[in-house]
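Structure file model31.cif (mmCIF, C-alpha atoms) follows.
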```cif
data_run
loop_
_atom_site.group_PDB
_atom_site.id
_atom_site.type_symbol
_atom_site.label_atom_id
_atom_site.label_comp_id
_atom_site.auth_asym_id
_atom_site.auth_seq_id
_atom_site.Cartn_x
_atom_site.Cartn_y
_atom_site.Cartn_z
ATOM 1 C CA MET A 286 119.278 -11.072 -56.005
ATOM 2 C CA ARG A 287 120.430 -14.648 -55.490
ATOM 3 C CA SER A 288 121.846 -17.331 -57.805
ATOM 4 C CA GLY A 289 124.070 -14.963 -59.781
ATOM 5 C CA ALA A 290 121.184 -12.937 -61.212
ATOM 6 C CA VAL A 291 121.692 -9.173 -61.021
ATOM 7 C CA ALA A 292 119.047 -6.443 -61.038
ATOM 8 C CA THR A 293 119.889 -2.745 -61.184
ATOM 9 C CA MET A 294 118.048 0.425 -62.090
ATOM 10 C CA LEU A 295 119.680 2.228 -65.002
ATOM 11 C CA ALA A 296 120.900 5.802 -64.687
ATOM 12 C CA ASP A 297 117.649 7.218 -66.041
ATOM 13 C CA GLY A 298 115.823 5.865 -62.967
ATOM 14 C CA ARG A 299 113.076 4.395 -65.162
ATOM 15 C CA ARG A 300 114.447 1.199 -66.645
ATOM 16 C CA LEU A 301 115.304 -1.976 -64.766
ATOM 17 C CA HIS A 302 118.281 -3.989 -66.033
ATOM 18 C CA LEU A 303 118.235 -7.752 -65.386
ATOM 19 C CA GLN A 304 121.309 -9.825 -66.208
ATOM 20 C CA HIS A 305 122.337 -13.423 -65.592
ATOM 21 C CA GLY A 306 124.909 -15.201 -67.765
ATOM 22 C CA PRO A 307 123.947 -14.653 -71.416
ATOM 23 C CA ILE A 308 120.493 -13.248 -70.533
ATOM 24 C CA ASP A 309 120.317 -9.451 -70.582
ATOM 25 C CA LEU A 310 116.940 -7.709 -70.228
ATOM 26 C CA VAL A 311 115.709 -4.140 -69.988
ATOM 27 C CA VAL A 312 112.297 -3.609 -68.383
ATOM 28 C CA GLU A 313 110.290 -0.405 -68.429
ATOM 29 C CA VAL A 314 106.803 0.057 -67.000
ATOM 30 C CA PHE A 315 104.374 2.978 -67.117
ATOM 31 C CA GLY A 316 101.725 3.704 -64.493
ATOM 32 C CA PRO A 317 101.282 4.878 -60.887
ATOM 33 C CA SER A 318 104.397 4.759 -58.696
ATOM 34 C CA ALA A 319 103.115 1.991 -56.427
ATOM 35 C CA GLU A 320 102.235 -0.172 -59.422
ATOM 36 C CA ARG A 321 105.661 0.382 -60.953
ATOM 37 C CA SER A 322 107.298 -0.763 -57.706
ATOM 38 C CA ARG A 323 105.200 -3.912 -57.658
ATOM 39 C CA ALA A 324 106.076 -4.560 -61.271
ATOM 40 C CA HIS A 325 109.806 -4.210 -60.645
ATOM 41 C CA ASP A 326 109.657 -6.488 -57.604
ATOM 42 C CA ALA A 327 107.796 -9.133 -59.608
ATOM 43 C CA ALA A 328 110.300 -8.941 -62.463
ATOM 44 C CA ARG A 329 113.245 -9.302 -60.081
ATOM 45 C CA ALA A 330 111.693 -12.261 -58.295
ATOM 46 C CA ARG A 331 110.764 -14.132 -61.468
ATOM 47 C CA PHE A 332 114.136 -13.507 -63.078
ATOM 48 C CA GLU A 333 116.065 -15.221 -60.267
ATOM 49 C CA THR A 334 115.376 -18.722 -61.569
ATOM 50 C CA VAL A 335 115.135 -18.145 -65.323
ATOM 51 C CA LEU A 336 118.614 -19.299 -66.347
ATOM 52 C CA ASN A 337 118.611 -22.364 -64.099
ATOM 53 C CA GLU A 338 115.192 -23.375 -65.455
ATOM 54 C CA LEU A 339 116.462 -23.266 -69.017
ATOM 55 C CA VAL A 340 119.730 -25.051 -68.292
ATOM 56 C CA SER A 341 117.902 -27.902 -66.570
ATOM 57 C CA GLU A 342 116.117 -28.804 -69.832
ATOM 58 C CA LEU A 343 118.705 -27.611 -72.336
ATOM 59 C CA PRO A 344 119.319 -30.967 -74.098
ATOM 60 C CA LEU A 345 115.601 -31.263 -74.874
ATOM 61 C CA LEU A 346 115.345 -27.625 -75.957
ATOM 62 C CA ARG A 347 118.129 -28.150 -78.501
ATOM 63 C CA CYS A 348 116.199 -30.929 -80.227
ATOM 64 C CA ALA A 349 113.666 -30.427 -83.022
ATOM 65 C CA GLY A 350 110.403 -32.300 -82.580
ATOM 66 C CA GLY A 351 111.185 -33.503 -79.064
ATOM 67 C CA ALA A 352 108.744 -34.131 -76.226
ATOM 68 C CA GLU A 353 107.102 -31.189 -74.512
ATOM 69 C CA PRO A 354 109.331 -29.904 -71.693
ATOM 70 C CA LYS A 355 108.169 -29.200 -68.140
ATOM 71 C CA GLY A 356 109.299 -25.670 -67.295
ATOM 72 C CA GLU A 357 107.126 -22.615 -67.866
ATOM 73 C CA ILE A 358 109.576 -20.887 -70.196
ATOM 74 C CA ALA A 359 110.558 -24.122 -71.937
ATOM 75 C CA ARG A 360 106.900 -24.928 -72.680
ATOM 76 C CA LEU A 361 106.383 -21.455 -74.126
ATOM 77 C CA MET A 362 109.375 -22.025 -76.410
ATOM 78 C CA TRP A 363 108.137 -25.474 -77.440
ATOM 79 C CA HIS A 364 104.632 -24.263 -78.293
ATOM 80 C CA ALA A 365 106.006 -21.308 -80.281
ATOM 81 C CA VAL A 366 107.962 -23.558 -82.667
ATOM 82 C CA ALA A 367 105.609 -26.560 -82.808
ATOM 83 C CA PRO A 368 103.370 -25.131 -85.594
ATOM 84 C CA TYR A 369 106.327 -25.112 -88.018
ATOM 85 C CA GLN A 370 106.917 -28.863 -87.923
ATOM 86 C CA PRO A 371 107.987 -30.805 -89.914
ATOM 87 C CA GLU A 372 110.256 -27.925 -90.979
ATOM 88 C CA PHE A 373 113.402 -27.838 -88.867
ATOM 89 C CA LEU A 374 113.210 -25.558 -85.852
ATOM 90 C CA THR A 375 114.222 -26.225 -82.257
ATOM 91 C CA PRO A 376 112.662 -24.504 -79.238
ATOM 92 C CA MET A 377 115.880 -22.492 -78.903
ATOM 93 C CA ALA A 378 114.642 -20.378 -81.822
ATOM 94 C CA ALA A 379 112.141 -18.824 -79.412
ATOM 95 C CA VAL A 380 114.250 -18.566 -76.264
ATOM 96 C CA ALA A 381 114.784 -14.783 -76.215
ATOM 97 C CA GLY A 382 111.147 -13.963 -76.868
ATOM 98 C CA SER A 383 109.943 -16.573 -74.379
ATOM 99 C CA VAL A 384 112.117 -15.198 -71.570
ATOM 100 C CA ALA A 385 110.853 -11.679 -72.263
ATOM 101 C CA GLN A 386 107.261 -12.903 -72.400
ATOM 102 C CA THR A 387 107.598 -14.771 -69.092
ATOM 103 C CA ILE A 388 108.965 -11.732 -67.259
ATOM 104 C CA LEU A 389 106.198 -9.550 -68.694
ATOM 105 C CA ALA A 390 103.562 -12.086 -67.599
ATOM 106 C CA SER A 391 104.896 -11.995 -64.044
ATOM 107 C CA ILE A 392 104.526 -8.211 -64.064
ATOM 108 C CA GLY A 393 100.984 -8.348 -65.414
ATOM 109 C CA GLN A 394 99.911 -10.692 -62.641
ATOM 110 C CA VAL A 395 100.618 -8.185 -59.862
ATOM 111 C CA ALA A 396 100.557 -4.655 -61.284
ATOM 112 C CA SER A 397 97.938 -2.475 -62.992
ATOM 113 C CA LEU A 398 99.893 -0.536 -65.604
ATOM 114 C CA ASP A 399 99.233 1.657 -68.621
ATOM 115 C CA ARG A 400 101.881 -0.201 -70.580
ATOM 116 C CA ALA A 401 105.124 -2.118 -70.159
ATOM 117 C CA TYR A 402 107.840 -3.792 -72.174
ATOM 118 C CA VAL A 403 110.605 -6.314 -71.628
ATOM 119 C CA ASN A 404 113.410 -6.050 -74.187
ATOM 120 C CA ASN A 405 115.662 -9.098 -74.553
ATOM 121 C CA GLY A 406 118.309 -7.996 -77.046
ATOM 122 C CA GLY A 407 115.724 -6.640 -79.474
ATOM 123 C CA ASP A 408 113.096 -9.337 -78.969
ATOM 124 C CA ILE A 409 110.413 -7.448 -77.091
ATOM 125 C CA ALA A 410 107.351 -8.461 -75.085
ATOM 126 C CA LEU A 411 104.736 -5.697 -74.918
ATOM 127 C CA MET A 412 101.742 -4.871 -72.752
ATOM 128 C CA VAL A 413 99.604 -1.937 -73.925
ATOM 129 C CA ASN A 414 96.512 -1.108 -71.890
ATOM 130 C CA ASP A 415 96.585 2.636 -72.544
ATOM 131 C CA GLY A 416 98.630 4.810 -74.877
ATOM 132 C CA HIS A 417 101.006 3.344 -77.447
ATOM 133 C CA PHE A 418 104.547 2.225 -78.190
ATOM 134 C CA ARG A 419 106.392 3.638 -81.182
ATOM 135 C CA ILE A 420 108.925 1.110 -82.438
ATOM 136 C CA GLY A 421 111.643 1.517 -85.060
ATOM 137 C CA ILE A 422 112.045 -1.294 -87.575
ATOM 138 C CA CYS A 423 115.614 -2.193 -88.548
ATOM 139 C CA ARG A 424 117.293 1.214 -88.454
ATOM 140 C CA ASP A 425 120.914 0.951 -89.630
ATOM 141 C CA PRO A 426 122.116 4.121 -91.351
ATOM 142 C CA VAL A 427 125.556 2.583 -92.022
ATOM 143 C CA ARG A 428 123.992 -0.060 -94.273
ATOM 144 C CA GLY A 429 121.279 2.268 -95.553
ATOM 145 C CA LEU A 430 118.477 0.312 -93.885
ATOM 146 C CA ASP A 431 115.386 1.991 -92.495
ATOM 147 C CA GLY A 432 112.234 -0.053 -92.168
ATOM 148 C CA GLY A 433 110.326 2.899 -90.711
ATOM 149 C CA ARG A 434 108.324 3.086 -87.483
ATOM 150 C CA ILE A 435 105.080 1.603 -86.297
ATOM 151 C CA ASP A 436 102.733 2.586 -83.474
ATOM 152 C CA ILE A 437 101.370 -0.305 -81.404
ATOM 153 C CA ARG A 438 98.253 0.531 -79.438
ATOM 154 C CA ALA A 439 95.839 -1.166 -77.073
ATOM 155 C CA GLY A 440 93.519 -3.440 -78.992
ATOM 156 C CA ASP A 441 95.951 -4.119 -81.840
ATOM 157 C CA GLY A 442 96.497 -7.670 -80.606
ATOM 158 C CA ILE A 443 100.276 -7.279 -80.790
ATOM 159 C CA GLY A 444 102.170 -8.457 -77.722
ATOM 160 C CA GLY A 445 105.548 -9.247 -79.214
ATOM 161 C CA VAL A 446 108.110 -7.899 -81.677
ATOM 162 C CA ALA A 447 111.181 -9.838 -82.808
ATOM 163 C CA THR A 448 113.861 -9.401 -85.455
ATOM 164 C CA SER A 449 116.133 -11.981 -87.073
ATOM 165 C CA GLY A 450 118.800 -11.898 -89.763
ATOM 166 C CA TRP A 451 122.193 -13.311 -90.638
ATOM 167 C CA ARG A 452 124.055 -10.494 -88.874
ATOM 168 C CA GLY A 453 122.176 -10.956 -85.607
ATOM 169 C CA ARG A 454 123.049 -12.624 -82.306
ATOM 170 C CA SER A 455 121.965 -16.059 -83.540
ATOM 171 C CA PHE A 456 122.940 -18.055 -86.603
ATOM 172 C CA SER A 457 120.740 -17.915 -89.685
ATOM 173 C CA LEU A 458 120.306 -20.332 -92.561
ATOM 174 C CA GLY A 459 119.327 -17.432 -94.820
ATOM 175 C CA ILE A 460 120.701 -14.094 -95.989
ATOM 176 C CA ALA A 461 118.129 -11.585 -94.708
ATOM 177 C CA ASP A 462 119.433 -8.329 -93.305
ATOM 178 C CA ALA A 463 116.381 -8.200 -91.094
ATOM 179 C CA VAL A 464 112.974 -9.780 -90.680
ATOM 180 C CA THR A 465 110.811 -8.047 -88.081
ATOM 181 C CA ILE A 466 107.682 -9.847 -86.924
ATOM 182 C CA LEU A 467 104.685 -8.528 -84.991
ATOM 183 C CA ALA A 468 102.770 -11.297 -83.221
ATOM 184 C CA GLY A 469 100.446 -12.051 -80.344
ATOM 185 C CA ASN A 470 103.355 -12.625 -77.993
ATOM 186 C CA ALA A 471 107.139 -12.383 -78.064
ATOM 187 C CA ALA A 472 107.724 -16.145 -78.212
ATOM 188 C CA GLU A 473 105.621 -16.447 -81.368
ATOM 189 C CA ALA A 474 107.317 -13.403 -82.891
ATOM 190 C CA ASP A 475 110.768 -14.849 -82.178
ATOM 191 C CA ALA A 476 110.006 -18.203 -83.807
ATOM 192 C CA ALA A 477 108.400 -16.594 -86.863
ATOM 193 C CA ALA A 478 111.274 -14.155 -87.366
ATOM 194 C CA THR A 479 113.737 -17.050 -87.382
ATOM 195 C CA MET A 480 111.723 -19.071 -89.877
ATOM 196 C CA VAL A 481 111.092 -16.246 -92.343
ATOM 197 C CA ALA A 482 114.709 -15.056 -92.161
ATOM 198 C CA ASN A 483 115.876 -18.605 -92.935
ATOM 199 C CA ARG A 484 113.765 -18.631 -96.082
ATOM 200 C CA ILE A 485 115.196 -15.405 -97.534
ATOM 201 C CA ASP A 486 117.972 -17.142 -99.404
ATOM 202 C CA LEU A 487 119.797 -17.933 -102.642
ATOM 203 C CA PRO A 488 120.366 -21.696 -102.411
ATOM 204 C CA GLY A 489 123.638 -22.743 -104.020
ATOM 205 C CA SER A 490 124.852 -19.194 -104.672
ATOM 206 C CA GLN A 491 128.640 -18.846 -104.684
ATOM 207 C CA LYS A 492 128.200 -15.322 -103.318
ATOM 208 C CA VAL A 493 127.049 -16.687 -99.953
ATOM 209 C CA THR A 494 129.703 -18.104 -97.620
ATOM 210 C CA ARG A 495 128.406 -20.711 -95.203
ATOM 211 C CA MET A 496 129.919 -22.815 -92.436
ATOM 212 C CA PRO A 497 128.598 -25.646 -90.248
ATOM 213 C CA ALA A 498 127.021 -24.126 -87.161
ATOM 214 C CA ASP A 499 128.766 -26.535 -84.813
ATOM 215 C CA SER A 500 132.160 -25.532 -86.228
ATOM 216 C CA LEU A 501 131.461 -22.002 -84.991
ATOM 217 C CA LEU A 502 129.705 -22.987 -81.778
ATOM 218 C CA PRO A 503 130.058 -26.672 -80.802
ATOM 219 C CA GLU A 504 126.890 -26.683 -78.708
ATOM 220 C CA SER A 505 124.709 -25.059 -81.410
ATOM 221 C CA ASP A 506 121.219 -26.515 -81.724
ATOM 222 C CA LEU A 507 121.686 -26.324 -85.513
ATOM 223 C CA GLY A 508 124.360 -29.016 -85.499
ATOM 224 C CA ALA A 509 126.204 -29.291 -88.815
ATOM 225 C CA ARG A 510 123.655 -27.261 -90.761
ATOM 226 C CA LEU A 511 125.269 -24.547 -92.862
ATOM 227 C CA VAL A 512 124.805 -21.013 -91.567
ATOM 228 C CA THR A 513 125.592 -17.756 -93.324
ATOM 229 C CA VAL A 514 128.847 -16.045 -92.353
ATOM 230 C CA ASP A 515 129.409 -13.659 -95.268
ATOM 231 C CA ILE A 516 127.711 -12.374 -98.414
ATOM 232 C CA ALA A 517 129.360 -10.804 -101.463
ATOM 233 C CA ASP A 518 127.645 -7.909 -103.235
ATOM 234 C CA LEU A 519 124.336 -9.082 -104.664
ATOM 235 C CA THR A 520 122.694 -7.730 -107.790
ATOM 236 C CA PRO A 521 119.234 -6.166 -107.491
ATOM 237 C CA ALA A 522 117.794 -9.229 -109.228
ATOM 238 C CA GLU A 523 119.473 -11.582 -106.753
ATOM 239 C CA ARG A 524 118.229 -9.587 -103.786
ATOM 240 C CA GLN A 525 114.707 -9.595 -105.167
ATOM 241 C CA GLU A 526 114.796 -13.333 -105.868
ATOM 242 C CA ALA A 527 115.869 -14.093 -102.293
ATOM 243 C CA LEU A 528 113.321 -11.686 -100.872
ATOM 244 C CA MET A 529 110.511 -13.229 -102.889
ATOM 245 C CA ARG A 530 111.417 -16.684 -101.550
ATOM 246 C CA GLY A 531 111.091 -15.369 -98.022
ATOM 247 C CA GLY A 532 107.944 -13.466 -98.889
ATOM 248 C CA ALA A 533 106.244 -16.613 -100.169
ATOM 249 C CA ALA A 534 107.058 -18.413 -96.919
ATOM 250 C CA ALA A 535 105.886 -15.435 -94.876
ATOM 251 C CA GLN A 536 102.585 -15.325 -96.763
ATOM 252 C CA ALA A 537 102.041 -19.013 -96.044
ATOM 253 C CA TYR A 538 102.851 -18.653 -92.330
ATOM 254 C CA HIS A 539 100.661 -15.564 -92.056
ATOM 255 C CA GLY A 540 97.820 -17.402 -93.755
ATOM 256 C CA ARG A 541 98.026 -20.005 -90.984
ATOM 257 C CA GLY A 542 97.725 -17.295 -88.337
ATOM 258 C CA LEU A 543 101.275 -17.679 -86.992
ATOM 259 C CA PHE A 544 101.899 -13.920 -86.780
ATOM 260 C CA ARG A 545 100.142 -10.605 -87.397
ATOM 261 C CA ALA A 546 102.569 -8.803 -89.728
ATOM 262 C CA ALA A 547 106.128 -8.914 -91.054
ATOM 263 C CA SER A 548 108.723 -6.562 -92.521
ATOM 264 C CA LEU A 549 111.384 -8.219 -94.717
ATOM 265 C CA MET A 550 114.591 -6.419 -95.682
ATOM 266 C CA LEU A 551 117.585 -7.356 -97.842
ATOM 267 C CA GLY A 552 119.669 -4.293 -98.620
ATOM 268 C CA PRO A 553 117.439 -1.652 -100.244
ATOM 269 C CA ASN A 554 114.877 -4.299 -101.188
ATOM 270 C CA ALA A 555 111.972 -4.634 -98.772
ATOM 271 C CA MET A 556 108.462 -5.995 -98.551
ATOM 272 C CA THR A 557 105.707 -6.346 -95.987
ATOM 273 C CA VAL A 558 103.314 -9.180 -95.235
ATOM 274 C CA PRO A 559 100.425 -8.697 -95.504
ATOM 275 C CA ASP A 560 100.629 -5.943 -98.114
ATOM 276 C CA GLU A 561 98.295 -3.636 -96.198
ATOM 277 C CA TYR A 562 100.723 -3.637 -93.267
ATOM 278 C CA SER A 563 102.846 -1.129 -95.199
ATOM 279 C CA SER A 564 100.146 1.495 -94.693
ATOM 280 C CA LEU A 565 100.740 1.334 -90.913
ATOM 281 C CA ILE A 566 104.446 2.167 -91.250
ATOM 282 C CA TRP A 567 105.591 5.748 -91.372
ATOM 283 C CA LYS A 568 108.997 7.330 -91.852
ATOM 284 C CA GLU A 569 110.398 10.538 -90.483
#
```

Please rewrite the model in this file as structure tokens.
Amino acid sequence: MRSGAVATMLADGRRLHLQHGPIDLVVEVFGPSAERSRAHDAARARFETVLNELVSELPLLRCAGGAEPKGEIARLMWHAVAPYQPEFLTPMAAVAGSVAQTILASIGQVASLDRAYVNNGGDIALMVNDGHFRIGICRDPVRGLDGGRIDIRAGDGIGGVATSGWRGRSFSLGIADAVTILAGNAAEADAAATMVANRIDLPGSQKVTRMPADSLLPESDLGARLVTVDIADLTPAERQEALMRGGAAAQAYHGRGLFRAASLMLGPNAMTVPDEYSSLIWKE
């Protein structure tokens, strides 16, 4: 591949690894051999320009409420966060999901597959025409977290899964261990996960250590906003209070049709939105 982008098949011979700068994707497709080859070729070709496209509009993508950008991926990011205005959210909140969604769309345009996924660091774009995907939700035995599993099948209307929390790759304004969102596409799931995770919080609590985002990463799109860097042991009541704050926000976003379902976790405390979503989750 050109332009610094690298594409290699992993040792299992099934998954394609795409990497360029900070972007690191795993692609797996299911279907006839010829269709899988077409899918891999399409993913490689589309990935070549992804990073350069994003960099070319980066100043605009780091601004909340800015004008609509021009690039395909940048527009997907912008549209994913626009419904949350006037709450603060820049298009960068949806970058991982939007990249995954764009690569998956390029595959779907050329290949007839049973199913496929593009995993961008845990933010996943899904295509399910036949069969199902079984996905684990926030499994972390060290911290005692297990959100269970969910089967996603054709016709469920779920094309994206994303998870956000204060321990993740990106900064968070809240204290959630994990918020996992199921949505129509990965860009929408990414934006929603960020917003709900931000709202699981204990404003003013001395048990939460925060620092300005730009003191940790000068180019952060969050600027001087305070992000969570450490949390002391919380009482059950404190965890529940923070979770209920996030749950209220999640209910409001869900009521506006911004995602299909959510799993919220803070230590052993957990909840799902909507409530009936819990019946779709099973544990081993």

As JSON: centre and edge lengths in Å, one decimal, of the axis-aligned box holding stretch 371-383 of chain A with 5 Å per side:
```
{"center_x": 111.9, "center_y": -22.4, "center_z": -82.7, "size_x": 17.9, "size_y": 26.8, "size_z": 26.6}
```

- request: Any chance you could resolve the PyMOL selection byres ((chain A and resi 320) around 12) against this file and give the residues as a list in words?
  value: Val314, Phe315, Gly316, Pro317, Ser318, Ala319, Arg321, Ser322, Arg323, Ala324, His325, Asp326, Ala327, Ile392, Gly393, Gln394, Val395, Ala396, Ser397, Leu398, Asp399, Arg400 and Ala401 of chain A

- prompt: How would you write, as an MDAnalysis selection string, the residues chosen by the PyMOL selection byres ((chain A and resi 546) around 10) on this structure?
  reply: chainID A and resid 443 446 465:468 474 535:536 539 542:545 547:548 557:563

Once you have the residues from the selection above, write them out as a compact mmCIF listing (two decimals), in the coordinates of the input, restricted to C-alpha atoms.
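Result saved to out19.txt:
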```txt
# COMPACT_ATOMS: atom_id res chain seq x y z
CA ILE A 443 100.28 -7.28 -80.79
CA VAL A 446 108.11 -7.90 -81.68
CA THR A 465 110.81 -8.05 -88.08
CA ILE A 466 107.68 -9.85 -86.92
CA LEU A 467 104.68 -8.53 -84.99
CA ALA A 468 102.77 -11.30 -83.22
CA ALA A 474 107.32 -13.40 -82.89
CA ALA A 535 105.89 -15.44 -94.88
CA GLN A 536 102.58 -15.32 -96.76
CA HIS A 539 100.66 -15.56 -92.06
CA GLY A 542 97.72 -17.30 -88.34
CA LEU A 543 101.28 -17.68 -86.99
CA PHE A 544 101.90 -13.92 -86.78
CA ARG A 545 100.14 -10.60 -87.40
CA ALA A 547 106.13 -8.91 -91.05
CA SER A 548 108.72 -6.56 -92.52
CA THR A 557 105.71 -6.35 -95.99
CA VAL A 558 103.31 -9.18 -95.24
CA PRO A 559 100.42 -8.70 -95.50
CA ASP A 560 100.63 -5.94 -98.11
CA GLU A 561 98.30 -3.64 -96.20
CA TYR A 562 100.72 -3.64 -93.27
CA SER A 563 102.85 -1.13 -95.20
```

message: List as a ChimeraX atom specification the protein and nucleic acid residues near A:Pro371, meaning an atom at most 12 Å away when all atoms listed in the file are counted, but skip any in the same chain fewer than 5 places from it.
response: /A:349-351,366

Residues as selected, C-alpha atoms, written as a PDB file, in the coordinates of the input, can you do that?
```
ATOM      1  CA  ALA A 349     113.666 -30.427 -83.022  1.00  0.00           C
ATOM      2  CA  GLY A 350     110.403 -32.300 -82.580  1.00  0.00           C
ATOM      3  CA  GLY A 351     111.185 -33.503 -79.064  1.00  0.00           C
ATOM      4  CA  VAL A 366     107.962 -23.558 -82.667  1.00  0.00           C
TER       5      VAL A 366
END
```

message: Can you spell out as a list in words the set of residues that the PyMOL selection byres ((chain A and resi 294-298) around 12) selects in the structure I just provided?
response: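 Given this file, the PyMOL selection byres ((chain A and resi 294-298) around 12) evaluates to Val291, Ala292, Thr293, Arg299, Arg300, Leu301, His302, Leu303, Gln304, Leu310, Val311, Val312, Glu313, Val314, Arg321, Ser322, His325, Asp326 and Arg329 of chain A.
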
- request: Would you mind reading off the distance between atom CA of A:Gly445 and atom CA of A:Val481, one decimal, in Å?
  value: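 Interatomic distance, atom CA of A:Gly445 to atom CA of A:Val481: 15.9 Å.
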